[in-house]
Structures are given as C-alpha cells and as structure tokens.
Amino acid sequence: MKEIKWIFLVYSILAATSIMSIGVFIGEQSLIGIIVSIIVLFIIMGLGFSTKKKRRERGEL
C-alpha cells in the first residue's frame, strides 16, 4: 500500500474548495470574490507544483 502524501492531499482539498468558491461567487454575482478565488487557486496550484518538483529533485517521490 502506498503512503499518503498529506501535504498534497491538503493542497488538493484547498484547490477544490477554491474552485467551488468560484462557482458560489458566480452565483452571487460577486466579481471581487471570483477574482480573489481565482488568485487563491493559482497560488495553491503553484505551491503544489513547486513542492512536488522539490520533492522529486530530493528523491522523495
């Protein structure tokens, strides 16, 4: 059985939550909320990809 990489699970949950919040803010017609959610999504995805790259370079993946 593979070991769970908890940091990647947290990143994926946060990214999914950010995507859901974009939908909520679209429903509320809040342009500021949509923009903030998209920015947060890009930040979370960037952190996830950079963490994966660093771990791959160190041989942890």
# chains A, B, ... in the order shown; residues from 1 in each chain; ligands from 1
$ residues_around --residues "Tyr11 of chain A" --least-positions-apart "2" --cutoff "9 Å" --atoms "only C-alpha atoms" --output "list in words"
Trp6, Ile7, Phe8, Leu9, Ile13, Leu14, Ala15, Ala16, Ile44, Met45, Leu47 and Gly48 of chain A
$ write_last_selection --atoms "C-alpha atoms" --output "mmCIF file, in the first residue's frame"
data_model
loop_
_atom_site.group_PDB
_atom_site.id
_atom_site.type_symbol
_atom_site.label_atom_id
_atom_site.label_comp_id
_atom_site.auth_asym_id
_atom_site.auth_seq_id
_atom_site.Cartn_x
_atom_site.Cartn_y
_atom_site.Cartn_z
ATOM 1 C CA TRP A 6 -0.568 14.521 3.378
ATOM 2 C CA ILE A 7 0.701 17.864 2.066
ATOM 3 C CA PHE A 8 -0.561 17.031 -1.428
ATOM 4 C CA LEU A 9 -3.926 15.981 -0.009
ATOM 5 C CA ILE A 13 -8.610 19.928 -0.912
ATOM 6 C CA LEU A 14 -7.776 23.640 -0.822
ATOM 7 C CA ALA A 15 -7.720 23.829 -4.627
ATOM 8 C CA ALA A 16 -11.082 22.059 -4.883
ATOM 9 C CA ILE A 44 -2.362 26.927 -4.197
ATOM 10 C CA MET A 45 -1.679 25.168 -7.501
ATOM 11 C CA LEU A 47 2.640 25.810 -4.250
ATOM 12 C CA GLY A 48 1.594 22.242 -5.019
#
$ select_by_dssp --residues "chain A" --states "helix (DSSP H, G or I)" --output "PyMOL selection string"
chain A and resi 6-28+31-57
$ write_last_selection --atoms "N, CA and C atoms" --output "tab-separated table (two decimals), in the first residue's frame"
chain	number	residue	atom	x	y	z
A	6	TRP	N	0.44	13.67	2.75
A	6	TRP	CA	-0.57	14.52	3.38
A	6	TRP	C	-0.55	15.95	2.84
A	7	ILE	N	0.63	16.49	2.54
A	7	ILE	CA	0.70	17.86	2.07
A	7	ILE	C	-0.01	18.00	0.72
A	8	PHE	N	0.10	16.98	-0.13
A	8	PHE	CA	-0.56	17.03	-1.43
A	8	PHE	C	-2.07	16.86	-1.28
A	9	LEU	N	-2.50	16.10	-0.29
A	9	LEU	CA	-3.93	15.98	-0.01
A	9	LEU	C	-4.49	17.32	0.43
A	10	VAL	N	-3.76	18.02	1.29
A	10	VAL	CA	-4.21	19.34	1.75
A	10	VAL	C	-4.27	20.32	0.59
A	11	TYR	N	-3.24	20.32	-0.27
A	11	TYR	CA	-3.25	21.21	-1.43
A	11	TYR	C	-4.44	20.91	-2.33
A	12	SER	N	-4.73	19.65	-2.56
A	12	SER	CA	-5.84	19.30	-3.45
A	12	SER	C	-7.20	19.69	-2.86
A	13	ILE	N	-7.36	19.53	-1.56
A	13	ILE	CA	-8.61	19.93	-0.91
A	13	ILE	C	-8.78	21.45	-0.98
A	14	LEU	N	-7.70	22.18	-0.73
A	14	LEU	CA	-7.78	23.64	-0.82
A	14	LEU	C	-8.07	24.10	-2.24
A	15	ALA	N	-7.47	23.46	-3.23
A	15	ALA	CA	-7.72	23.83	-4.63
A	15	ALA	C	-9.17	23.54	-5.00
A	16	ALA	N	-9.69	22.39	-4.59
A	16	ALA	CA	-11.08	22.06	-4.88
A	16	ALA	C	-12.04	23.04	-4.20
A	17	THR	N	-11.71	23.43	-2.98
A	17	THR	CA	-12.53	24.41	-2.27
A	17	THR	C	-12.51	25.75	-2.98
A	18	SER	N	-11.36	26.12	-3.49
A	18	SER	CA	-11.25	27.38	-4.23
A	18	SER	C	-12.08	27.33	-5.51
A	19	ILE	N	-12.05	26.21	-6.21
A	19	ILE	CA	-12.86	26.06	-7.42
A	19	ILE	C	-14.35	26.13	-7.09
A	20	MET	N	-14.74	25.51	-5.98
A	20	MET	CA	-16.15	25.58	-5.57
A	20	MET	C	-16.55	27.01	-5.21
A	21	SER	N	-15.63	27.73	-4.57
A	21	SER	CA	-15.95	29.11	-4.19
A	21	SER	C	-16.11	30.00	-5.42
A	22	ILE	N	-15.40	29.69	-6.49
A	22	ILE	CA	-15.59	30.44	-7.73
A	22	ILE	C	-17.04	30.27	-8.19
A	23	GLY	N	-17.55	29.07	-8.15
A	23	GLY	CA	-18.94	28.82	-8.52
A	23	GLY	C	-19.93	29.54	-7.63
A	24	VAL	N	-19.64	29.55	-6.34
A	24	VAL	CA	-20.53	30.25	-5.39
A	24	VAL	C	-20.55	31.75	-5.70
A	25	PHE	N	-19.36	32.32	-5.93
A	25	PHE	CA	-19.30	33.74	-6.21
A	25	PHE	C	-19.90	34.10	-7.56
A	26	ILE	N	-19.85	33.18	-8.52
A	26	ILE	CA	-20.55	33.40	-9.78
A	26	ILE	C	-22.05	33.48	-9.51
A	27	GLY	N	-22.54	32.58	-8.68
A	27	GLY	CA	-23.96	32.58	-8.32
A	27	GLY	C	-24.36	33.85	-7.60
A	28	GLU	N	-23.46	34.38	-6.78
A	28	GLU	CA	-23.75	35.61	-6.05
A	28	GLU	C	-23.45	36.86	-6.87
A	31	LEU	N	-17.93	39.93	-8.43
A	31	LEU	CA	-16.73	39.94	-9.25
A	31	LEU	C	-15.47	39.89	-8.39
A	32	ILE	N	-15.47	40.60	-7.27
A	32	ILE	CA	-14.31	40.60	-6.38
A	32	ILE	C	-14.06	39.20	-5.82
A	33	GLY	N	-15.12	38.52	-5.40
A	33	GLY	CA	-14.99	37.16	-4.89
A	33	GLY	C	-14.46	36.19	-5.93
A	34	ILE	N	-14.93	36.34	-7.17
A	34	ILE	CA	-14.45	35.48	-8.26
A	34	ILE	C	-12.96	35.70	-8.48
A	35	ILE	N	-12.55	36.96	-8.56
A	35	ILE	CA	-11.14	37.28	-8.81
A	35	ILE	C	-10.26	36.77	-7.68
A	36	VAL	N	-10.67	36.99	-6.44
A	36	VAL	CA	-9.88	36.52	-5.29
A	36	VAL	C	-9.78	35.00	-5.29
A	37	SER	N	-10.87	34.31	-5.60
A	37	SER	CA	-10.85	32.85	-5.63
A	37	SER	C	-9.92	32.33	-6.71
A	38	ILE	N	-9.91	32.98	-7.86
A	38	ILE	CA	-9.02	32.56	-8.95
A	38	ILE	C	-7.56	32.77	-8.54
A	39	ILE	N	-7.27	33.91	-7.91
A	39	ILE	CA	-5.90	34.19	-7.46
A	39	ILE	C	-5.46	33.16	-6.43
A	40	VAL	N	-6.34	32.86	-5.48
A	40	VAL	CA	-6.02	31.85	-4.45
A	40	VAL	C	-5.79	30.48	-5.10
A	41	LEU	N	-6.59	30.15	-6.10
A	41	LEU	CA	-6.42	28.88	-6.80
A	41	LEU	C	-5.05	28.81	-7.46
A	42	PHE	N	-4.63	29.88	-8.15
A	42	PHE	CA	-3.31	29.89	-8.79
A	42	PHE	C	-2.19	29.77	-7.76
A	43	ILE	N	-2.35	30.42	-6.61
A	43	ILE	CA	-1.33	30.33	-5.56
A	43	ILE	C	-1.22	28.90	-5.03
A	44	ILE	N	-2.36	28.29	-4.74
A	44	ILE	CA	-2.36	26.93	-4.20
A	44	ILE	C	-1.79	25.94	-5.21
A	45	MET	N	-2.20	26.07	-6.47
A	45	MET	CA	-1.68	25.17	-7.50
A	45	MET	C	-0.17	25.37	-7.68
A	46	GLY	N	0.27	26.61	-7.64
A	46	GLY	CA	1.70	26.88	-7.77
A	46	GLY	C	2.50	26.28	-6.62
A	47	LEU	N	1.97	26.42	-5.41
A	47	LEU	CA	2.64	25.81	-4.25
A	47	LEU	C	2.70	24.29	-4.39
A	48	GLY	N	1.61	23.70	-4.85
A	48	GLY	CA	1.59	22.24	-5.02
A	48	GLY	C	2.61	21.76	-6.04
A	49	PHE	N	2.67	22.44	-7.19
A	49	PHE	CA	3.61	22.03	-8.22
A	49	PHE	C	5.06	22.27	-7.79
A	50	SER	N	5.32	23.38	-7.11
A	50	SER	CA	6.70	23.64	-6.67
A	50	SER	C	7.12	22.65	-5.59
A	51	THR	N	6.21	22.29	-4.70
A	51	THR	CA	6.51	21.30	-3.67
A	51	THR	C	6.81	19.95	-4.31
A	52	LYS	N	6.02	19.58	-5.32
A	52	LYS	CA	6.24	18.31	-6.00
A	52	LYS	C	7.59	18.30	-6.70
A	53	LYS	N	7.95	19.40	-7.33
A	53	LYS	CA	9.24	19.49	-8.02
A	53	LYS	C	10.40	19.35	-7.03
A	54	LYS	N	10.30	20.06	-5.89
A	54	LYS	CA	11.37	19.99	-4.88
A	54	LYS	C	11.52	18.57	-4.33
A	55	ARG	N	10.38	17.92	-4.05
A	55	ARG	CA	10.45	16.56	-3.52
A	55	ARG	C	10.99	15.58	-4.55
A	56	ARG	N	10.65	15.78	-5.82
A	56	ARG	CA	11.16	14.91	-6.87
A	56	ARG	C	12.68	15.07	-7.00
A	57	GLU	N	13.16	16.31	-6.91
A	57	GLU	CA	14.59	16.56	-7.01
A	57	GLU	C	15.35	15.95	-5.84
